[in-house]
file query_15.cif (mmCIF, C-alpha atoms)
data_protein
#
loop_
_atom_site.label_atom_id
_atom_site.label_comp_id
_atom_site.auth_asym_id
_atom_site.auth_seq_id
_atom_site.Cartn_x
_atom_site.Cartn_y
_atom_site.Cartn_z
CA MET M 100 59.65 27.63 135.38
CA LEU M 101 58.80 24.01 134.78
CA THR M 102 61.31 21.64 133.30
CA THR M 103 60.64 19.27 130.44
CA ALA M 104 60.43 16.42 132.94
CA ASP M 105 57.79 18.37 134.90
CA LEU M 106 55.75 18.84 131.76
CA VAL M 107 56.06 15.14 130.91
CA SER M 108 54.71 14.13 134.30
CA LEU M 109 51.94 16.71 134.11
CA LEU M 110 50.89 15.33 130.76
CA ALA M 111 50.91 11.83 132.21
CA ALA M 112 48.62 13.01 135.01
CA VAL M 113 46.37 14.82 132.54
CA ALA M 114 46.07 11.58 130.59
CA LYS M 115 44.49 10.11 133.71
CA GLY M 116 42.00 12.93 133.93
CA ASP M 117 43.78 14.96 136.61
CA GLN M 118 42.27 18.44 136.31
CA ALA M 119 44.67 20.07 138.75
CA ALA M 120 47.57 18.85 136.65
CA PHE M 121 45.83 20.19 133.59
CA GLU M 122 45.54 23.59 135.22
CA ARG M 123 49.24 23.61 136.03
CA LEU M 124 50.06 22.52 132.51
CA TYR M 125 47.92 25.35 131.17
CA ALA M 126 49.57 27.90 133.44
CA ALA M 127 53.01 26.75 132.35
CA THR M 128 52.35 26.73 128.62
CA ARG M 129 49.48 29.12 127.83
CA ALA M 130 51.60 32.17 126.98
CA LYS M 131 53.86 30.27 124.61
CA LEU M 132 50.96 28.63 122.82
CA TYR M 133 48.99 31.87 122.68
CA GLY M 134 52.01 33.64 121.24
CA VAL M 135 52.32 30.96 118.55
CA ILE M 136 48.62 31.00 117.71
CA LEU M 137 48.21 34.77 117.73
CA ARG M 138 51.13 35.20 115.40
CA ILE M 139 49.46 32.95 112.86
CA LEU M 140 45.90 34.19 113.20
CA ARG M 141 46.52 37.80 114.22
CA ARG M 142 43.01 38.07 115.53
CA PRO M 143 42.50 37.63 119.27
CA ASP M 144 38.96 36.31 118.82
CA LEU M 145 40.19 33.54 116.54
CA ALA M 146 43.23 32.90 118.70
CA ASP M 147 40.99 32.45 121.74
CA GLU M 148 38.96 29.89 119.83
CA VAL M 149 42.05 27.95 118.82
CA MET M 150 43.39 28.08 122.37
CA GLN M 151 40.26 26.33 123.56
CA GLU M 152 40.41 23.72 120.83
CA THR M 153 44.08 23.16 121.44
CA TYR M 154 43.83 22.61 125.17
CA LEU M 155 40.76 20.43 124.88
CA LYS M 156 42.65 18.39 122.35
CA ILE M 157 45.60 18.20 124.74
CA TRP M 158 43.24 17.09 127.47
CA ASN M 159 41.85 14.36 125.27
CA ALA M 160 45.07 13.27 123.62
CA ALA M 161 47.51 13.50 126.52
CA GLY M 162 47.56 9.71 126.66
CA GLN M 163 48.99 9.60 123.16
CA PHE M 164 51.90 11.84 123.98
CA ASN M 165 55.12 9.87 123.79
CA PRO M 166 58.06 11.50 125.56
CA GLY M 167 60.35 9.18 123.62
CA VAL M 168 59.62 10.89 120.32
CA ALA M 169 58.75 14.48 121.15
CA SER M 170 59.27 17.08 123.79
CA PRO M 171 56.05 18.13 125.55
CA ILE M 172 56.16 21.74 124.44
CA THR M 173 56.96 20.80 120.85
CA TRP M 174 54.05 18.39 120.86
CA MET M 175 51.70 21.01 122.27
CA VAL M 176 52.87 23.74 119.92
CA ALA M 177 52.42 21.37 116.98
CA ILE M 178 48.79 20.83 118.01
CA ALA M 179 48.28 24.57 118.37
CA ARG M 180 49.91 25.38 115.04
CA ASN M 181 47.92 22.77 113.17
CA ARG M 182 44.66 24.10 114.54
CA ALA M 183 45.67 27.70 113.90
CA ILE M 184 46.72 26.94 110.33
CA ASP M 185 43.50 25.04 109.64
CA LEU M 186 41.49 27.99 110.86
CA ALA M 187 43.67 30.50 109.02
CA ARG M 188 43.04 28.64 105.77
CA LYS M 189 39.30 28.58 106.37
CA LYS M 190 39.30 32.29 107.04
CA ALA M 191 41.85 33.02 104.34
CA ASP M 192 39.72 35.47 102.42
CA VAL M 193 38.94 37.44 105.53
CA SER M 194 42.22 37.56 107.34
CA ALA M 195 44.44 38.29 104.36
CA GLU M 196 42.91 41.71 104.08
CA GLU M 197 42.51 42.26 107.75
CA ILE M 198 46.14 41.94 108.68
CA PRO M 199 47.00 45.29 110.17
CA GLU M 200 50.22 46.74 108.88
CA VAL M 201 51.59 47.08 112.38
CA LEU M 202 51.20 43.42 113.21
CA GLU M 203 52.57 42.50 109.84
CA LEU M 204 55.60 44.59 110.53
CA ALA M 205 56.04 43.22 114.01
CA ALA M 206 55.94 39.71 112.68
CA GLU M 207 58.40 40.57 109.98
CA THR M 208 60.95 42.04 112.29
CA SER M 209 61.02 39.05 114.57
CA ASP M 210 64.58 37.92 114.57
CA PRO M 211 65.38 34.42 115.75
CA LEU M 212 68.92 35.54 116.49
CA ALA M 213 67.63 37.98 119.07
CA VAL M 214 66.83 35.15 121.42
CA ARG M 215 69.41 34.92 124.11
CA GLU M 216 69.07 31.38 125.35
CA ARG M 217 69.51 29.02 122.50
CA SER M 218 69.71 25.29 122.65
CA GLU M 219 72.35 23.46 120.73
CA GLU M 220 69.68 22.20 118.35
CA LEU M 221 68.37 25.70 117.75
CA GLU M 222 71.91 26.87 117.04
CA ARG M 223 72.31 24.14 114.49
CA LEU M 224 69.00 24.94 112.85
CA LEU M 225 69.79 28.65 112.71
CA GLY M 226 73.19 27.82 111.28
CA CYS M 227 71.55 25.79 108.53
CA LEU M 228 68.95 28.47 107.87
CA GLY M 229 71.77 30.95 107.65
CA ARG M 230 73.25 29.04 104.77
CA LEU M 231 70.10 29.42 102.69
CA ASP M 232 69.54 32.13 100.17
CA PRO M 233 68.10 35.07 102.20
CA ASP M 234 64.74 35.02 100.42
CA GLN M 235 64.36 31.32 100.97
CA ARG M 236 65.26 31.63 104.63
CA ARG M 237 62.64 34.35 105.01
CA LEU M 238 60.17 32.14 103.19
CA LEU M 239 60.62 29.29 105.65
CA LEU M 240 60.39 31.58 108.65
CA LEU M 241 57.26 33.35 107.39
CA ALA M 242 55.66 29.97 106.80
CA TYR M 243 56.59 28.62 110.20
CA TYR M 244 56.06 31.73 112.31
CA ASN M 245 53.15 33.32 110.50
CA GLY M 246 51.49 30.31 108.95
CA MET M 247 51.51 31.87 105.50
CA SER M 248 50.07 29.82 102.68
CA ARG M 249 51.85 29.41 99.35
CA GLU M 250 49.53 32.00 97.84
CA GLN M 251 50.29 34.50 100.56
CA LEU M 252 53.98 33.83 100.18
CA ALA M 253 53.68 34.21 96.43
CA ALA M 254 52.05 37.61 96.92
CA LYS M 255 54.62 38.61 99.50
CA PHE M 256 57.60 37.70 97.33
CA ASP M 257 55.84 38.70 94.13
CA ARG M 258 56.60 35.36 92.54
CA PRO M 259 54.37 32.70 90.98
CA VAL M 260 53.09 30.01 93.33
CA ASN M 261 55.15 27.46 91.45
CA THR M 262 58.32 29.34 92.22
CA ILE M 263 57.34 29.36 95.89
CA LYS M 264 56.81 25.60 95.71
CA THR M 265 60.23 25.15 94.22
CA TRP M 266 61.83 27.40 96.83
CA LEU M 267 60.11 25.54 99.62
CA ARG M 268 61.27 22.21 98.32
CA ARG M 269 64.80 23.37 97.75
CA SER M 270 65.16 25.01 101.13
CA ILE M 271 63.57 22.06 102.96
CA LEU M 272 65.98 19.63 101.35
CA ALA M 273 68.89 21.93 102.01
CA VAL M 274 67.99 22.24 105.68
CA ARG M 275 67.52 18.50 105.89
CA GLU M 276 70.90 17.83 104.40
CA CYS M 277 72.58 20.45 106.52
CA LEU M 278 71.11 19.04 109.72
CA GLY M 279 71.94 15.50 108.72
CA SER M 280 69.96 12.60 110.01
CA MET V 268 64.13 13.65 93.05
CA THR V 269 63.47 10.52 94.96
CA ILE V 270 60.31 9.26 96.55
CA ASP V 271 61.99 9.57 99.92
CA GLN V 272 62.69 13.21 99.27
CA ASP V 273 59.12 13.76 98.15
CA ARG V 274 57.83 12.24 101.36
CA ASP V 275 60.22 14.28 103.43
CA VAL V 276 59.25 17.49 101.66
CA LEU V 277 55.58 16.64 102.11
CA ALA V 278 56.14 16.06 105.82
CA ALA V 279 58.07 19.31 106.18
CA GLU V 280 55.47 21.28 104.26
CA TYR V 281 52.76 19.75 106.40
CA VAL V 282 54.57 20.99 109.48
CA LEU V 283 55.23 24.39 107.91
CA GLY V 284 51.57 24.59 106.96
CA THR V 285 52.17 25.43 103.32
CA LEU V 286 50.24 22.53 101.80
CA GLU V 287 47.06 23.17 99.86
CA PRO V 288 43.94 22.02 101.73
CA ASP V 289 43.61 18.80 99.71
CA GLU V 290 47.30 17.99 100.11
CA ARG V 291 46.97 18.70 103.79
CA GLN V 292 44.14 16.21 104.06
CA GLN V 293 46.18 13.62 102.23
CA ALA V 294 49.11 14.23 104.54
CA GLU V 295 46.83 13.81 107.55
CA ALA V 296 45.54 10.53 106.17
CA LEU V 297 49.13 9.42 105.65
CA ILE V 298 50.04 10.33 109.22
CA ARG V 299 47.28 8.05 110.43
CA SER V 300 48.05 5.19 108.10
CA ASP V 301 51.76 5.27 107.55
CA VAL V 302 53.99 5.01 110.59
CA GLY V 303 57.04 5.95 108.58
CA PHE V 304 55.46 9.12 107.31
CA ALA V 305 54.18 9.99 110.78
CA ALA V 306 57.76 9.69 112.01
CA LEU V 307 58.93 12.08 109.30
CA VAL V 308 56.35 14.59 110.46
CA ARG V 309 57.42 14.16 114.10
CA GLY V 310 60.99 14.72 112.97
CA TRP V 311 60.17 18.02 111.29
CA GLU V 312 58.00 19.11 114.20
CA GLN V 313 61.00 18.58 116.40
CA ARG V 314 63.52 20.17 114.04
CA LEU V 315 61.49 23.26 113.18
CA GLY V 316 60.03 23.28 116.68
CA GLU V 317 63.37 24.60 117.86
CA LEU V 318 62.12 27.89 116.48
CA ASN V 319 59.33 27.89 119.08
CA ALA V 320 61.85 29.17 121.58
CA THR V 321 62.19 32.30 119.48
CA ILE V 322 58.47 33.10 119.44
CA PRO V 323 57.56 35.67 122.06
CA SER V 324 55.05 34.52 124.64
CA VAL V 325 51.78 36.40 124.86
CA GLU V 326 49.53 36.15 127.88
CA PRO V 327 46.04 35.02 126.81
CA PRO V 328 42.94 36.68 128.32
CA PRO V 329 41.91 35.00 131.59
CA GLU V 330 38.48 34.07 130.27
CA VAL V 331 40.08 31.64 127.83
CA PHE V 332 40.81 29.19 130.59
CA GLU V 333 37.33 29.63 131.98
CA ARG V 334 35.93 28.47 128.67
CA ILE V 335 38.37 25.59 128.47
CA ARG V 336 37.40 24.52 131.97
CA ARG V 337 33.73 24.60 131.06
CA GLY V 338 34.61 22.49 128.05
CA LEU V 339 36.30 19.95 130.32
CA ALA V 340 33.22 19.71 132.48
CA VAL V 341 31.37 18.13 129.61
CA ALA V 342 34.33 16.47 127.99
CA PRO V 343 33.84 12.75 127.65
CA SER V 344 37.49 12.18 128.33
CA SER V 345 39.39 9.59 130.26
CA GLY V 346 37.63 8.74 133.51
CA GLN V 347 34.91 11.24 132.96
CA ILE V 348 33.06 9.32 130.34
CA ILE V 349 32.03 6.89 133.01
CA ALA V 350 29.64 9.61 134.05
CA LEU V 351 27.73 8.66 130.97
CA ASP V 352 26.74 5.48 132.76
CA ALA V 353 23.51 7.18 133.51
CA MET V 354 22.95 7.21 129.81
CA ARG V 355 23.58 3.53 129.48
CA ALA V 356 27.03 3.95 128.11
CA ARG V 357 30.09 2.61 129.72
CA LEU V 358 33.59 3.10 128.65
CA ARG V 359 35.87 0.16 128.44
CA GLY V 360 38.77 2.38 127.69
CA TRP V 361 40.29 4.07 124.73
CA ARG V 362 41.61 1.21 122.85
CA SER V 363 43.24 0.92 119.53
CA PHE V 364 42.22 -2.07 117.54
CA GLY V 365 45.81 -2.24 116.49
CA THR V 366 47.19 -2.37 113.06
CA THR V 367 44.15 -3.67 111.27
CA MET V 368 41.94 -0.92 112.47
CA ALA V 369 44.68 1.62 112.08
CA ALA V 370 44.96 0.65 108.46
CA LEU V 371 41.24 0.80 107.99
CA ALA V 372 40.99 4.11 109.69
CA ALA V 373 43.81 5.27 107.58
CA ALA V 374 42.24 6.27 104.36
CA LEU V 375 39.17 7.79 105.77
CA ALA V 376 39.87 8.70 109.33
CA ALA V 377 37.17 6.92 111.10
CA VAL V 378 36.13 7.16 114.65
CA LEU V 379 33.67 4.57 115.58
CA VAL V 380 31.12 4.81 118.27
CA THR V 381 27.95 3.10 119.05
CA SER V 382 24.71 4.83 118.47
CA LEU V 383 23.86 4.28 122.08
CA VAL V 384 26.19 7.03 123.11
CA ARG V 385 24.13 9.66 121.52
CA PRO V 386 26.48 11.93 119.64
CA GLU V 387 24.63 15.03 120.69
CA LEU V 388 25.73 14.30 124.22
CA MET V 389 29.34 14.49 123.17
CA PRO V 390 30.48 17.92 122.08
CA THR V 391 31.98 17.51 118.69
CA ARG V 392 35.27 19.18 119.41
CA LEU V 393 35.88 16.87 122.31
CA ARG V 394 35.90 13.74 120.29
CA PRO V 395 39.07 11.74 120.21
CA LYS V 396 41.31 11.83 117.21
CA PRO V 397 40.52 9.39 114.46
CA GLN V 398 43.35 7.02 115.23
CA VAL V 399 41.69 6.22 118.49
CA VAL V 400 38.85 3.80 118.33
CA GLU V 401 36.25 4.26 120.97
CA VAL V 402 34.88 1.08 122.30
CA VAL V 403 31.70 1.79 124.13
CA ARG V 404 29.53 -0.95 125.39
CA THR V 405 26.05 -0.95 126.64
CA ILE V 406 25.01 -2.04 130.05
CA GLU V 407 21.34 -2.37 129.47
CA LYS V 408 20.78 -4.24 126.31
CA PRO V 409 18.23 -2.50 124.18
CA THR V 410 15.81 -4.93 122.68
CA ASP V 411 15.98 -3.62 119.17
CA ALA V 412 19.67 -2.99 118.77
CA ALA V 413 20.80 -6.43 117.63
CA GLY V 414 22.18 -6.50 114.13
CA ARG V 415 22.53 -2.77 114.03
CA LEU V 416 25.79 -1.21 112.99
CA VAL V 417 26.80 2.38 113.19
CA ALA V 418 29.53 4.49 111.65
CA VAL V 419 30.38 8.05 112.41
CA LEU V 420 31.62 9.62 109.22
CA GLN V 421 34.07 12.31 109.96
CA LYS V 422 37.08 14.05 108.65
CA ASP V 423 38.78 14.84 111.89
CA ALA V 424 38.10 14.87 115.57
CA SER V 425 36.23 18.10 115.50
CA SER V 426 33.86 17.48 112.67
CA PRO V 427 31.57 14.49 112.73
CA ALA V 428 29.36 15.20 109.80
CA PHE V 429 27.18 12.16 109.29
CA ILE V 430 26.10 9.17 111.30
CA LEU V 431 25.33 6.07 109.32
CA THR V 432 23.16 3.42 110.93
CA VAL V 433 22.77 0.09 109.20
CA ASP V 434 20.32 -2.66 110.00
CA ILE V 435 22.32 -5.62 108.80
CA GLU V 436 19.37 -8.02 108.80
CA LYS V 437 17.03 -5.83 106.83
CA ARG V 438 19.93 -4.29 104.95
CA THR V 439 18.54 -0.86 105.33
CA MET V 440 20.41 2.23 106.34
CA THR V 441 19.79 5.65 107.73
CA VAL V 442 22.12 8.56 107.28
CA ARG V 443 21.81 11.31 109.77
CA ARG V 444 23.33 14.69 109.06
CA VAL V 445 25.04 16.12 112.06
CA ALA V 446 27.16 19.01 110.99
CA ALA V 447 27.37 18.92 107.23
CA GLU V 448 25.98 22.04 105.71
CA GLU V 449 24.04 22.18 102.51
CA GLN V 450 26.14 23.60 99.70
CA ALA V 451 24.55 25.35 96.79
CA GLY V 452 24.73 23.38 93.58
CA LYS V 453 26.31 20.38 95.31
CA SER V 454 25.09 17.08 96.64
CA TYR V 455 26.54 14.73 99.21
CA GLU V 456 26.91 11.21 97.90
CA LEU V 457 27.44 8.13 100.02
CA TRP V 458 29.87 5.45 98.86
CA LEU V 459 30.63 1.93 99.86
CA VAL V 460 34.32 1.12 99.60
CA SER V 461 35.15 -2.56 99.74
CA LYS V 462 38.13 -4.67 98.86
CA GLN V 463 35.73 -6.78 96.86
CA PHE V 464 35.15 -4.05 94.36
CA ALA V 465 37.72 -2.26 92.33
CA LYS V 466 35.89 1.02 92.69
CA PRO V 467 33.65 2.64 95.27
CA ARG V 468 29.97 1.86 94.82
CA SER V 469 27.44 4.63 95.15
CA LEU V 470 24.78 4.18 97.80
CA GLY V 471 22.94 7.24 96.67
CA LEU V 472 22.65 10.84 97.64
CA VAL V 473 22.22 12.12 101.13
CA GLY V 474 19.12 14.27 101.27
CA ALA V 475 18.94 17.77 102.61
CA GLN V 476 16.84 16.74 105.58
CA GLU V 477 18.31 15.50 108.84
CA PHE V 478 17.60 11.82 108.19
CA THR V 479 17.89 9.96 104.91
CA THR V 480 16.89 6.34 104.79
CA GLY V 481 17.49 3.95 101.98
CA ALA V 482 17.58 0.34 100.88
CA THR V 483 20.52 0.63 98.50
CA LEU V 484 22.45 -1.86 100.60
CA ALA V 485 20.01 -4.60 99.71
CA THR V 486 22.16 -5.96 96.91
CA TYR V 487 25.22 -6.41 99.12
CA GLN V 488 26.14 -9.37 101.28
CA PRO V 489 26.06 -8.78 105.06
CA ASP V 490 29.82 -9.46 105.27
CA THR V 491 30.50 -6.90 102.60
CA ILE V 492 28.31 -4.38 104.36
CA SER V 493 29.91 -4.87 107.72
CA ASP V 494 33.50 -4.85 106.45
CA ALA V 495 33.20 -1.92 104.09
CA THR V 496 34.35 1.60 104.61
CA TYR V 497 31.74 4.27 104.05
CA ALA V 498 32.62 7.60 102.59
CA ILE V 499 30.84 10.75 101.61
CA SER V 500 32.00 12.96 98.81
CA LEU V 501 30.84 16.33 97.64
CA GLU V 502 29.53 15.96 94.12
CA PRO V 503 27.80 18.17 91.57
CA GLU V 504 24.10 18.56 92.25
CA GLY V 505 22.32 15.30 91.50
CA GLY V 506 25.35 13.14 92.19
CA SER V 507 28.53 12.04 90.53
CA PRO V 508 28.26 12.19 86.76
CA THR V 509 30.67 9.29 86.31
CA GLY V 510 29.47 6.79 88.88
CA GLU V 511 32.66 7.22 90.86
CA PRO V 512 33.52 9.90 93.38
CA THR V 513 34.59 12.98 91.45
CA GLY V 514 34.55 15.49 94.24
CA PRO V 515 36.62 15.47 97.40
CA VAL V 516 35.96 12.59 99.76
CA LEU V 517 35.19 14.59 102.82
CA TRP V 518 34.13 12.09 105.41
CA GLY V 519 34.61 8.44 106.04
CA GLY V 520 34.16 5.75 108.60
CA LYS V 521 33.68 2.08 109.36
CA LEU V 522 30.78 0.34 110.92
CA ILE V 523 30.82 -0.97 114.42
CA GLU V 524 28.29 -3.10 116.20
CA THR V 525 26.06 -1.50 118.74
CA LEU V 526 26.34 -4.58 120.96
CA PRO V 527 29.42 -6.22 122.37
CA PRO V 528 30.42 -9.20 120.26
CA THR V 529 29.94 -11.50 123.23
CA GLN V 530 26.26 -10.66 123.50
CA PRO V 531 24.06 -13.20 121.86
CA ARG V 532 22.44 -11.94 118.72
CA ARG V 533 18.72 -12.19 118.52
#

call {"tool": "encode", "arguments": {"input": "query_15.cif", "output": "structure tokens"}}
result
Amino acid sequence: MLTTADLVSLLAAVAKGDQAAFERLYAATRAKLYGVILRILRRPDLADEVMQETYLKIWNAAGQFNPGVASPITWMVAIARNRAIDLARKKADVSAEEIPEVLELAAETSDPLAVRERSEELERLLGCLGRLDPDQRRLLLLAYYNGMSREQLAAKFDRPVNTIKTWLRRSILAVRECLGS
Amino acid sequence: MTIDQDRDVLAAEYVLGTLEPDERQQAEALIRSDVGFAALVRGWEQRLGELNATIPSVEPPPEVFERIRRGLAVAPSSGQIIALDAMRARLRGWRSFGTTMAALAAALAAVLVTSLVRPELMPTRLRPKPQVVEVVRTIEKPTDAAGRLVAVLQKDASSPAFILTVDIEKRTMTVRRVAAEEQAGKSYELWLVSKQFAKPRSLGLVGAQEFTTGATLATYQPDTISDATYAISLEPEGGSPTGEPTGPVLWGGKLIETLPPTQPRR
């Protein structure tokens, strides 16, 4: 298990073109990133594609990583999520119908509270999410975990897209206020 | 509702992924151009990123890394690009032009390269992100390259769509399609965006063939041509009905010289 500091120094080495460091970085982070990507795309073929794009991007952009503003894994997951969401939107018409019920269900039942080791920050975030209206909490989690678009969320909650927009805004501001600055 | 709240919500929705595609593009342009907004996005990535710990890991198939490794072998990244020496390109280093260029890159996400590093040698997905400006200089000075400027028009690092080459002396240009696909009932239109004009000026349509050449720059001053931002929008077939971009501006970029500034111009 690599520490955050290990990942920071691996990224620094990767920025200099160190392929061995890149391999170690991949080994340490691949399962987390794949889990994130697969949950959004739900199709292994697409997830594989995004994995490649993500790690090539990490290879190319490692020099831009700033440990002062982000943790390495957060930075890497953000890259992976952005790529996965971009692809999910492009394939929206396909994947919306192809989501197998089982996966859908599995994604739904994911419970952040089930995680045993929780950082202080995660505790705070979960506390703030817990103060939201249950539907709005679910909305945020489905968006973050599953990369659902407003339309998909609207269908899921059987509400107009505008209502979803309002809910998103309200819950974002509530979380922001709850977490403070 | 305050503007600050709007920006914060936009940043959070960008991170959540719930923005519409056009809003998402705007947010990405803001991230590149607006340090404050970029910081808001980083903040939400960090805040919501706490949830990453709750996402179960899944082991990817082993062949994924094989493909990534093969990608690295041709990746023009970091030290490796020096291997392109053989192709007369030499990397001086990834270098940001600083705030000026960042601001210019902002609206249209430009990555600039010289035409001497032939784009087909650089796999599209391996290109650096738009906020990075590639400075590539030639070792052998081609005899016909003086006064030639090039812009790669792209939306993001993985999609260079057009390469614009301008001969500043003759004021002619060539647009080369790289990855942009023909869309039924639509035309790609090239625009010149300059501080000197209140609105973008049309430079004409980009043809369906690989290369489109034109002399529509002839009426512009060399300074205007070299300082302008070039953009391509998707318009109704036959071009914008209003004379201004009506469709989405999909690609943009700035020109860069194909020779180092210290080289004497012929």

call {"tool": "atom_distance", "arguments": {"input": "query_15.cif", "atom1": "atom CA of Trp158 of chain M", "atom2": "atom CA of Phe121 of chain M"}}
result
7.3 Å

call {"tool": "closest_atom_pairs", "arguments": {"input": "query_15.cif", "of": "chain V", "to": "chain M", "cutoff": "6 Å", "atoms": "only C-alpha atoms", "output": "Markdown table"}}
result
| residue | atom | partner | partner_atom | distance |
| --- | --- | --- | --- | --- |
| V:Leu283 | CA | M:Tyr243 | CA | 5.0 |
| V:Thr285 | CA | M:Ser248 | CA | 4.9 |
| V:Gly316 | CA | M:Thr173 | CA | 5.7 |
| V:Glu317 | CA | M:Leu221 | CA | 5.1 |
| V:Thr321 | CA | M:Pro211 | CA | 5.3 |
| V:Pro323 | CA | M:Gly134 | CA | 6.0 |
| V:Ser324 | CA | M:Lys131 | CA | 4.4 |
| V:Val325 | CA | M:Gly134 | CA | 4.6 |
| V:Glu326 | CA | M:Ala130 | CA | 4.6 |
| V:Pro327 | CA | M:Tyr133 | CA | 6.0 |
| V:Ile335 | CA | M:Gln151 | CA | 5.3 |
| V:Ser344 | CA | M:Asn159 | CA | 5.8 |
| V:Ser345 | CA | M:Gly116 | CA | 5.6 |

call {"tool": "atom_distance", "arguments": {"input": "query_15.cif", "atom1": "atom CA of Glu524 of chain V", "atom2": "atom CA of Arg468 of chain V"}}
result
22.0 Å

call {"tool": "closest_residue", "arguments": {"input": "query_15.cif", "among": "V:Tyr281, V:Phe429, V:Tyr455, V:Trp518", "to": "Leu472 of chain V", "atoms": "all atoms listed in the file"}}
result
V:Tyr455

call {"tool": "residues_near_point", "arguments": {"input": "query_15.cif", "point": "(60.3, 18.7, 106.7)", "cutoff": "9 Å", "atoms": "all atoms listed in the file", "output": "PyMOL selection string"}}
result
(chain M and resi 271-272+274-275) or (chain V and resi 274-283+307-308+310-312+314-315)

call {"tool": "atom_distance", "arguments": {"input": "query_15.cif", "atom1": "atom CA of Val442 of chain V", "atom2": "atom CA of Gly510 of chain V"}}
result
19.9 Å

call {"tool": "residues_around", "arguments": {"input": "query_15.cif", "residues": "Ala428 of chain V", "least_positions_apart": "3", "cutoff": "7 Å", "atoms": "all atoms listed in the file", "output": "PyMOL selection string"}}
result
chain V and resi 420-421+444-447

call {"tool": "decode", "arguments": {"input": "query_15.cif", "residues": "segment 118-130 of chain M", "atoms": "C-alpha atoms", "output": "mmCIF file, in the first residue's frame"}}
result
data_model
loop_
_atom_site.group_PDB
_atom_site.id
_atom_site.type_symbol
_atom_site.label_atom_id
_atom_site.label_comp_id
_atom_site.auth_asym_id
_atom_site.auth_seq_id
_atom_site.Cartn_x
_atom_site.Cartn_y
_atom_site.Cartn_z
ATOM 1 C CA GLN M 118 8.618 4.507 -17.109
ATOM 2 C CA ALA M 119 9.359 2.263 -14.150
ATOM 3 C CA ALA M 120 7.784 4.834 -11.858
ATOM 4 C CA PHE M 121 4.823 4.982 -14.190
ATOM 5 C CA GLU M 122 4.411 1.238 -13.945
ATOM 6 C CA ARG M 123 4.440 1.396 -10.159
ATOM 7 C CA LEU M 124 1.965 4.245 -10.214
ATOM 8 C CA TYR M 125 -0.292 2.203 -12.469
ATOM 9 C CA ALA M 126 -0.045 -0.846 -10.236
ATOM 10 C CA ALA M 127 -0.921 1.229 -7.187
ATOM 11 C CA THR M 128 -3.889 3.050 -8.683
ATOM 12 C CA ARG M 129 -5.334 0.973 -11.543
ATOM 13 C CA ALA M 130 -8.020 -0.824 -9.534
#
